[in-house]
Amino acid sequence: MMSFDLETIPRLQHCLLPTPIVPMDRLSEHFGKAKIYVKRDDLTGIAIGGNKNRKLEFLLADALLKGSDSIITEGAVTSNHCVQTAAFSKRLGLDCELVLSDSFVGEAMTGNLLLNKLLDVKIHRVHSSSDRKKKMFEIAEQLAHEGKQPYVIPTGGSNKVGILGYVAFMQELAEQSSQLELVFDYFVLATGSGGTQAGLIIGKKLYYPDLSIIGIGVGDKKKETGKAIREIVANFEKEWGLNLGISKKEIVILDQYAGEGYGKPTVKMIDTIKLVAKLEGLFLDPVYNGKAMVGLLDLIQQGEIPSDANVLFLHSGGIPAIFTYQKYFLEKF
Ligand SMILES: *Cc1c(COP(=O)(O)O)cnc(C)c1O
């Protein structure tokens, strides 16, 4: 069994790191309670930034090590993960094929779908997200048949390799925290497939033990997301022979801010994106960060996060979706 040492794990250092930590003074003052900061992972530097780039530093290093020349991954047509994977692959001179399923907002040639066009990657369409995996393995088989070396990345890059990006993130955060002489009490993020939160929970155990991590679910119910996170953590621990003693209550997911489900807008989310833009000059996306910020502000207002706390919000990217969702910003619904 290998022992866990982050420095020795293959990684392509292409992201612009560390990403900055910025105080949200006007937003904090607006509520007059906890002090809010934002960690700008929308500025990771590949495509239009975002959290998947950190995972891809490890996933694509693994792909290269295995001699792969073609990357295959999956998502909805609006997927941020797919664009970041496509852009990162292109940068390495690798082929990339995407399996994209229908999304709630339709097929307009804007946002991430437009960016995928510019990247000139091959797109395979399926109707339902449940059809994507089978399609990916069909494509992989076909490519292998043609003499290529495909590498398949699951939804959101969320497996034991991808989450290393957010284990390493916690090490980065601990260093920044000591440089800034600022201790964060709470960390709030948007949680989808759960890989980011899984990596953060592991990283916290290793590098930032007193931090409380709160995941705001943006689609699935907390039971499913919690199960997904526990599975990824278990795979990771098994791989590295670790037993981090992560209890169920350390995996905090709040699903009451997701509205009617993944990608479905809520009135509060739209209002909150406008509020943050107006007060901070910062744009949040409607699928992930808008809903996560609704959750954060509610926890502060309800006193669940105490007034003397320092809270760090993860801006995980997703900006192109603002354009895909334009009608919700222009109309009342
Ligand atoms: C994918 C994504 C997330 C969620 O990350 P998971 O690891 O899938 O939970 C959050 N924000 C944005 C902008 C994303 O693209």
# chains A, B, ... in the order shown; residues from 1 in each chain; ligands from 1
>>> residues_near_ligand(ligand="ligand 1", cutoff="10 Å", atoms="only C-alpha atoms and all ligand atoms", output="ChimeraX atom specification")
/A:41-42,49-53,55,75,78-84,155-159,162-163,166,189-200,215-218,225,228-229,284-290,292,314-321
>>> select_by_dssp(residues="range 45-239 of chain A", states="helix (DSSP H, G or I)", output="number ranges by chain")
A: 52-65, 80-91, 111-119, 129-145, 155-157, 164-180, 195-207, 222-239
>>> closest_atom_pairs(of="range 65-176 of chain A", to="range 3-15 of chain A", cutoff="12 Å", atoms="only C-alpha atoms", output="tab-separated table")
residue	atom	partner	partner_atom	distance
A:Leu65	CA	A:Pro10	CA	8.3
A:Lys66	CA	A:Pro10	CA	11.4
A:Gln84	CA	A:Cys15	CA	11.2
A:Ala87	CA	A:His14	CA	11.6
A:Phe88	CA	A:His14	CA	8.6
A:Ser89	CA	A:His14	CA	11.4
A:Arg91	CA	A:His14	CA	9.5
A:Leu92	CA	A:Leu12	CA	9.8
A:Val161	CA	A:Ile9	CA	9.8
A:Gly162	CA	A:Arg11	CA	10.6
A:Ile163	CA	A:Leu6	CA	11.9
A:Leu164	CA	A:Leu6	CA	8.2
A:Gly165	CA	A:Arg11	CA	9.1
A:Tyr166	CA	A:Leu6	CA	11.3
A:Val167	CA	A:Leu6	CA	8.5
A:Ala168	CA	A:Leu6	CA	7.3
A:Phe169	CA	A:Leu6	CA	11.0
A:Met170	CA	A:Leu6	CA	11.5
A:Gln171	CA	A:Leu6	CA	9.5
A:Glu172	CA	A:Leu6	CA	11.8
>>> closest_residue(among="A:Gly147, A:Tyr325, A:Lys205, A:Glu239", to="Glu107 in chain A", atoms="only C-alpha atoms")
A:Tyr325
>>> select_by_dssp(residues="range 34-88 of chain A", states="strand (DSSP E)", output="PyMOL selection string")
chain A and resi 35-40+70-76
>>> write_last_selection(atoms="C-alpha atoms", output="CSV table (one decimal), in the first residue's frame")
chain,number,residue,atom,x,y,z
A,35,LYS,CA,-17.7,38.5,7.9
A,36,ILE,CA,-17.8,37.0,4.4
A,37,TYR,CA,-14.8,36.3,2.1
A,38,VAL,CA,-14.8,34.6,-1.3
A,39,LYS,CA,-12.2,32.2,-2.7
A,40,ARG,CA,-12.0,32.9,-6.4
A,70,SER,CA,-8.3,10.7,-26.2
A,71,ILE,CA,-10.4,12.0,-23.3
A,72,ILE,CA,-14.1,11.2,-23.0
A,73,THR,CA,-16.4,12.8,-20.4
A,74,GLU,CA,-20.1,13.5,-19.8
A,75,GLY,CA,-22.5,16.2,-18.6
A,76,ALA,CA,-25.6,18.2,-19.5
>>> atom_distance(atom1="CA of Lys33 in chain A", atom2="CA of Thr272 in chain A")
17.0 Å
>>> closest_atom_pairs(of="range 34-127 of chain A", to="range 133-140 of chain A", cutoff="12 Å", atoms="only C-alpha atoms", output="tab-separated table")
residue	atom	partner	partner_atom	distance
A:Ser68	CA	A:Ala140	CA	11.1
A:Asp69	CA	A:Ala140	CA	11.4
A:Ser70	CA	A:Ala140	CA	8.7
A:Ile71	CA	A:Ala140	CA	8.9
A:Ile72	CA	A:Met136	CA	6.6
A:Thr73	CA	A:Met136	CA	7.0
A:Glu74	CA	A:Met136	CA	7.4
A:Gly75	CA	A:Lys133	CA	9.8
A:Cys96	CA	A:Ile139	CA	11.1
A:Glu97	CA	A:Ile139	CA	8.5
A:Leu98	CA	A:Met136	CA	8.1
A:Val99	CA	A:Met136	CA	6.6
A:Leu100	CA	A:Lys135	CA	9.8
A:Ser101	CA	A:Lys133	CA	10.7
A:Lys122	CA	A:Ile139	CA	11.0
A:Ile123	CA	A:Ile139	CA	11.1
A:His124	CA	A:Lys135	CA	8.3
A:Arg125	CA	A:Lys135	CA	9.2
A:Val126	CA	A:Lys135	CA	8.1
A:His127	CA	A:Lys135	CA	11.2
>>> residues_around(residues="Leu16 in chain A", least_positions_apart="5", cutoff="9 Å", atoms="only C-alpha atoms", output="mmCIF file with all heavy atoms, in the first residue's frame")
data_model
loop_
_atom_site.group_PDB
_atom_site.id
_atom_site.type_symbol
_atom_site.label_atom_id
_atom_site.label_comp_id
_atom_site.auth_asym_id
_atom_site.auth_seq_id
_atom_site.Cartn_x
_atom_site.Cartn_y
_atom_site.Cartn_z
ATOM 1 N N LEU A 43 -11.397 31.759 -11.062
ATOM 2 C CA LEU A 43 -10.203 32.284 -11.722
ATOM 3 C C LEU A 43 -9.089 31.239 -11.825
ATOM 4 O O LEU A 43 -7.913 31.589 -11.762
ATOM 5 C CB LEU A 43 -9.679 33.514 -10.952
ATOM 6 C CG LEU A 43 -10.668 34.672 -10.777
ATOM 7 C CD1 LEU A 43 -10.047 35.784 -9.940
ATOM 8 C CD2 LEU A 43 -11.094 35.234 -12.134
ATOM 9 N N THR A 44 -9.446 29.978 -12.015
ATOM 10 C CA THR A 44 -8.409 28.936 -12.067
ATOM 11 C C THR A 44 -7.646 28.928 -13.390
ATOM 12 O O THR A 44 -6.649 28.217 -13.519
ATOM 13 C CB THR A 44 -9.001 27.536 -11.801
ATOM 14 O OG1 THR A 44 -10.139 27.353 -12.652
ATOM 15 C CG2 THR A 44 -9.407 27.354 -10.350
ATOM 16 N N GLY A 45 -8.142 29.676 -14.387
ATOM 17 C CA GLY A 45 -7.269 29.969 -15.526
ATOM 18 C C GLY A 45 -7.421 29.171 -16.805
ATOM 19 O O GLY A 45 -6.811 29.521 -17.796
ATOM 20 N N ILE A 46 -8.195 28.099 -16.822
ATOM 21 C CA ILE A 46 -8.393 27.369 -18.072
ATOM 22 C C ILE A 46 -9.867 27.480 -18.443
ATOM 23 O O ILE A 46 -10.732 27.435 -17.561
ATOM 24 C CB ILE A 46 -7.963 25.888 -17.927
ATOM 25 C CG1 ILE A 46 -6.463 25.851 -17.600
ATOM 26 C CG2 ILE A 46 -8.253 25.089 -19.199
ATOM 27 C CD1 ILE A 46 -6.001 24.585 -16.974
#
>>> atom_distance(atom1="CA of Ser103 in chain A", atom2="CA of Val188 in chain A")
25.8 Å
>>> residues_around(residues="Leu118 in chain A", least_positions_apart="4", cutoff="12 Å", atoms="only C-alpha atoms", output="CSV table (one decimal) with C-alpha atoms, in the first residue's frame")
chain,number,residue,atom,x,y,z
A,47,ALA,CA,-11.5,28.0,-20.2
A,83,VAL,CA,-15.9,22.8,-21.2
A,86,ALA,CA,-12.3,20.0,-23.4
A,87,ALA,CA,-10.2,23.1,-23.0
A,90,LYS,CA,-6.8,20.8,-26.1
A,109,MET,CA,-26.1,28.0,-29.0
A,110,THR,CA,-24.7,30.1,-26.2
A,111,GLY,CA,-22.9,29.7,-22.9
A,112,ASN,CA,-20.9,26.5,-22.6
A,113,LEU,CA,-22.3,24.9,-25.7
A,114,LEU,CA,-21.0,27.7,-27.8
A,122,LYS,CA,-16.8,16.0,-30.9
>>> residues_around(residues="range 22-31 of chain A", least_positions_apart="6", cutoff="10 Å", atoms="only C-alpha atoms", output="JSON, numbers by chain")
{"A": [37, 38, 39, 40, 275, 276, 277, 278, 279, 280, 282, 297, 300, 301, 307, 311, 312, 313]}
>>> closest_residue(among="A:Glu175, A:Asp62, A:Asp95, A:Asp255", to="Leu143 in chain A", atoms="only C-alpha atoms")
A:Asp95
